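Asker: Input: one structure, supplied below.
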Amino acid sequence: MDYDIWYIFCYSESEYIKALKRLKISIKSITKIKNINIISWHKNLSLDLGKLKIEGDIQIFPVEKKEFSRSYYINLILKFINPLKKYFYLSDTDLFFHPEYFYWLDFICKKLNYEKNDLRIITLNYNIRPNKKIKFIPKKLFNITSTYLPQLYKWDPPSGLEEILGMEFADPGYAHGCGLLPIEPLREIGGYNEEIVGYGPEDDLLNKRIKFFARVYYHKGTLRSSTFHIYHSKLNYQNKNKNWNYWRDIIKNIEENSVHSDYIFR
């Protein structure tokens with residue numbers, strides 16, 4: 001199956017070094033040769049990735065730094081991508097892929113006849129917990145302690161699958177913001193909602209809207225067809241209340257009127 005992998009890599013200067021480490025780990029976990037494309041406002045990223053030895057090609061698409069909107073930068077993929085492509089894979093910079101992941105993804109796509117009908121695939125994801133410096137910290141207090149007492153944890157990212165499998169996981173969920181995306185259905189709905197500035201529920205909203213033009217398949221599977229989220233300290237989620245209120249308004253509109261959205265202003 002023909003698709004490239006795309007990353008959005010736009011961080012504050014204070015977060016850059018840590019985020020770069022996670023990006024390198026993510027890229028190196030891609031065992032099946034794929035073209036890797038990165039949208040980034042960091043001018044030295046190409047140099048910093050130059051020593052990374054991988055089998056595929058890495059292409060960086062430079063953009064101007066502005067108020068961060070994940071939706072806006074994802075929509076740029078539709079402008080940069082090869083017009084002959086029908087799909088692309090959207091990855092967070094923090095995802096680690098099981099060595100068999102992309103083989104399973106291709107197998108799933110063929111089983112679901114991706115060539116006949118457009119297909120959006122979302123796979124299972126495991127959030128890795130950083131190792132504790134004090135072993136008796138209760139698991140259920142992680143969100144509180146990691147936010148207010150981050151010094152109680154070891155934040156250095158894991159080096160590979162063997163180390164990851166020996167670590168503590170949160171309950172598995174789905175990587176709603178990542179996975180395989182069909183390009184034409186994404187164009188049909190006008191792309192992601194750029195009205196969401198910062199990080200927000202843009203991923204869930206996209207999955208609700210794109211189902212009007214494509215099949216949306218959540219694959220539970222096993223570890224072999226799953227991703228692993230590399231832990232990091234909490235990022236600054238600006239506009240949180242505004243984004244979630246906007247999300248609720250559109251979801252209500254979808255449920256009441258059965259339309260993919262009437263909030264596209266662009």
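If you're wondering about the labels, chains in the structure tokens are A, B, ... by order shown, residues count from 1 in each chain, ligands from 1 in order shown.
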Do a neighbour search on A:Ile33 at 12 Å with only C-alpha atoms, toss out local chain neighbours closer than 6 positions, and write the hits as number ranges by chain.
Answerer: A: 1-5, 27, 54-58, 99, 102-103
Asker: Near A:Lys240, within 9 Å and counting only C-alpha atoms, which residues show up once chain neighbours fewer than 2 positions away are dropped, as a list in words?
Answerer: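 Everything that qualifies: Val197, Gly198, Tyr199, Gly200, Tyr237, Gln238, Lys242, Asn243, Trp244 and Asn245 of chain A.
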Asker: Considering only C-alpha atoms, state which residue in the set A:Leu205, A:Val259, A:Leu124, A:Val216 is at the smallest distance from A:Tyr192.
Answerer: A:Leu205
Asker: So which residues of stretch 65-266 of chain A fall under alpha helix (DSSP H) by DSSP, listed as number ranges by chain?
Answerer: A: 70-75, 77-80, 101-111, 142-148, 161-165, 183-188, 202-210, 240-257
Asker: Neighbours of A:Pro62 within 12 Å (only C-alpha atoms; same-chain residues fewer than 2 positions away dropped), as a list in words?
Answerer: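 What passes the distance filter is Ile8, Phe9, Cys10, Asn37, Ile38, Ile39, Ser40, Trp41, His42, Lys43, Asn44, Leu45, Ser46, Gln59, Ile60, Glu64, Lys65, Tyr73, Leu76, Ile77 and Phe80 of chain A.
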Asker: Run DSSP on the backbone of this structure and report the residues of stretch 19-233 of chain A it assigns to strand (DSSP E), as a count of residues only.
Answerer: 45
Asker: Would you kindly return, as a list in words, each protein, DNA or RNA residue with an atom no farther than 12 Å from any atom of stretch 135-140 of chain A, considering only C-alpha atoms and excluding same-chain residues fewer than 3 positions away?
Answerer: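 Non-adjacent residues within range: Arg129, Pro130, Asn131, Lys132, Asn143, Ile144, Thr145, Ser146, Leu149, Leu152, Tyr153, Lys154, Glu168, Phe169, Ala170 and Asp171 of chain A.
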Asker: Output N, CA and C atoms for every residue in that selection, as a tab-separated table (two decimals), in the first residue's frame.
Answerer:
```tsv
chain	number	residue	atom	x	y	z
A	129	ARG	N	4.10	5.00	30.96
A	129	ARG	CA	4.33	5.82	32.14
A	129	ARG	C	5.84	5.88	32.42
A	130	PRO	N	6.37	7.05	32.76
A	130	PRO	CA	7.80	7.12	33.12
A	130	PRO	C	8.06	6.34	34.40
A	131	ASN	N	9.27	5.83	34.53
A	131	ASN	CA	9.63	5.08	35.73
A	131	ASN	C	9.61	5.99	36.96
A	132	LYS	N	9.15	5.43	38.07
A	132	LYS	CA	9.08	6.19	39.32
A	132	LYS	C	10.44	6.17	40.01
A	143	ASN	N	-1.63	11.29	37.26
A	143	ASN	CA	-1.92	12.58	36.63
A	143	ASN	C	-1.62	13.75	37.56
A	144	ILE	N	-1.90	13.57	38.84
A	144	ILE	CA	-1.65	14.64	39.81
A	144	ILE	C	-0.16	14.76	40.11
A	145	THR	N	0.47	13.64	40.42
A	145	THR	CA	1.88	13.69	40.81
A	145	THR	C	2.78	14.09	39.65
A	146	SER	N	2.48	13.62	38.44
A	146	SER	CA	3.33	13.97	37.30
A	146	SER	C	3.20	15.45	36.93
A	149	LEU	N	4.45	17.23	40.77
A	149	LEU	CA	5.71	16.73	41.31
A	149	LEU	C	6.46	15.91	40.25
A	152	LEU	N	9.49	13.42	40.70
A	152	LEU	CA	9.38	12.07	41.25
A	152	LEU	C	9.51	10.99	40.17
A	153	TYR	N	9.67	11.42	38.90
A	153	TYR	CA	9.73	10.47	37.79
A	153	TYR	C	10.99	10.67	36.96
A	154	LYS	N	11.37	9.63	36.25
A	154	LYS	CA	12.51	9.67	35.33
A	154	LYS	C	11.96	9.92	33.92
A	168	GLU	N	5.58	0.51	32.84
A	168	GLU	CA	4.16	0.55	33.22
A	168	GLU	C	3.36	1.28	32.16
A	169	PHE	N	2.18	0.73	31.84
A	169	PHE	CA	1.29	1.37	30.86
A	169	PHE	C	0.05	1.90	31.57
A	170	ALA	N	-0.50	2.95	31.01
A	170	ALA	CA	-1.85	3.35	31.39
A	170	ALA	C	-2.81	2.42	30.65
A	171	ASP	N	-4.09	2.50	30.98
A	171	ASP	CA	-5.06	1.68	30.25
A	171	ASP	C	-5.01	2.04	28.77
```
Asker: Find the spatial neighbours of A:Ile128, counting only C-alpha atoms, within a cut-off of 12 Å - ignore same-chain residues fewer than 3 positions away - and output them as a PyMOL selection string.
Answerer: chain A and resi 94-96+125+131+142+155+157-158+161+163-173+227-232
Asker: Please write the residues from the selection above to a file, keeping C-alpha atoms, as a compact mmCIF listing (two decimals), in the first residue's frame.
Answerer:
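Result saved to result_1.txt:
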```txt
# COMPACT_ATOMS: atom_id res chain seq x y z
CA ASP A 94 5.76 11.01 20.39
CA LEU A 95 4.62 7.70 18.85
CA PHE A 96 6.74 4.56 19.00
CA ASN A 125 -2.35 3.03 21.58
CA ASN A 131 9.63 5.08 35.73
CA PHE A 142 -0.12 9.62 38.24
CA TRP A 155 11.64 11.50 32.10
CA PRO A 157 12.64 8.50 26.89
CA PRO A 158 12.99 4.74 26.39
CA LEU A 161 10.78 -1.92 22.38
CA GLU A 163 12.65 -1.33 27.44
CA ILE A 164 9.10 -0.17 26.66
CA LEU A 165 7.58 -3.59 27.29
CA GLY A 166 9.15 -3.60 30.75
CA MET A 167 7.53 -0.30 31.71
CA GLU A 168 4.16 0.55 33.22
CA PHE A 169 1.29 1.37 30.86
CA ALA A 170 -1.85 3.35 31.39
CA ASP A 171 -5.06 1.68 30.25
CA PRO A 172 -4.94 1.35 26.44
CA GLY A 173 -7.01 3.62 24.26
CA THR A 227 1.52 2.26 18.93
CA PHE A 228 3.11 3.43 22.18
CA HIS A 229 2.98 7.03 23.33
CA ILE A 230 6.34 8.23 24.66
CA TYR A 231 5.75 10.17 27.85
CA HIS A 232 6.65 13.82 28.29
```
Asker: For each of A:His176, A:Lys28, A:His219, A:Lys211, take the minimum atom-to-atom distance to A:Asp118, counting only C-alpha atoms, then give the residue where this is smallest.
Answerer: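 Going through A:His176, A:Lys28, A:His219, A:Lys211 one by one, the smallest distance to A:Asp118 is for A:Lys211.
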Asker: Counting only C-alpha atoms, what is within 12 Å of A:Asp203, bar same-chain residues fewer than 5 positions away, as a ChimeraX atom specification?
Answerer: /A:70-71,74,90-92,122,174-179,181,191-194,196,208-210,243-244,247
Asker: Given the selection you just returned, output its residues as a file containing C-alpha atoms, formatted as a CSV table (one decimal), in the first residue's frame.
Answerer:
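Output file result09.csv follows:
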```
chain,number,residue,atom,x,y,z
A,70,ARG,CA,-2.3,21.6,14.9
A,71,SER,CA,-5.3,21.7,12.6
A,74,ILE,CA,-2.1,19.3,9.3
A,90,LEU,CA,-0.4,11.1,10.3
A,91,SER,CA,1.8,10.5,13.3
A,92,ASP,CA,2.5,12.4,16.5
A,122,ILE,CA,-7.3,4.4,14.0
A,174,TYR,CA,-7.1,4.7,20.6
A,175,ALA,CA,-4.7,7.1,18.9
A,176,HIS,CA,-7.5,9.3,17.7
A,177,GLY,CA,-5.2,12.0,16.3
A,178,CYS,CA,-3.0,9.6,14.3
A,179,GLY,CA,-3.5,6.8,11.8
A,181,LEU,CA,-6.2,9.2,6.5
A,191,GLY,CA,-9.8,19.6,6.3
A,192,TYR,CA,-9.4,20.0,10.0
A,193,ASN,CA,-11.1,22.8,11.9
A,194,GLU,CA,-8.6,25.6,12.0
A,196,ILE,CA,-9.2,25.3,17.1
A,208,LYS,CA,-16.8,12.6,13.6
A,209,ARG,CA,-16.9,14.7,10.4
A,210,ILE,CA,-15.0,12.5,8.0
A,243,ASN,CA,-11.7,24.7,22.0
A,244,TRP,CA,-13.9,22.3,23.9
A,247,TRP,CA,-16.2,21.1,19.8
```
Asker: Nearest residue to A:Tyr101 out of A:Thr147, A:Ser225, A:Thr31, A:Ser69, using only C-alpha atoms?
Answerer: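 Among the listed residues, A:Ser225 lies closest to A:Tyr101.
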Asker: Have a look at atom CA of A:Thr123 and atom CA of A:Arg215 and let me know their distance in Å, one decimal.
Answerer: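 Answer for the atom CA of A:Thr123 to atom CA of A:Arg215 separation: 14.1 Å.
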Asker: Which is closest to A:Ser29 among A:Glu202, A:Asp48, A:Glu188, A:Glu100, if we use only C-alpha atoms?
Answerer: A:Glu100
Asker: Suppose you want the space between atom CA of A:Tyr72 and atom CA of A:Tyr87; what is it in Å?
Answerer: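 The value is 18.5 Å.
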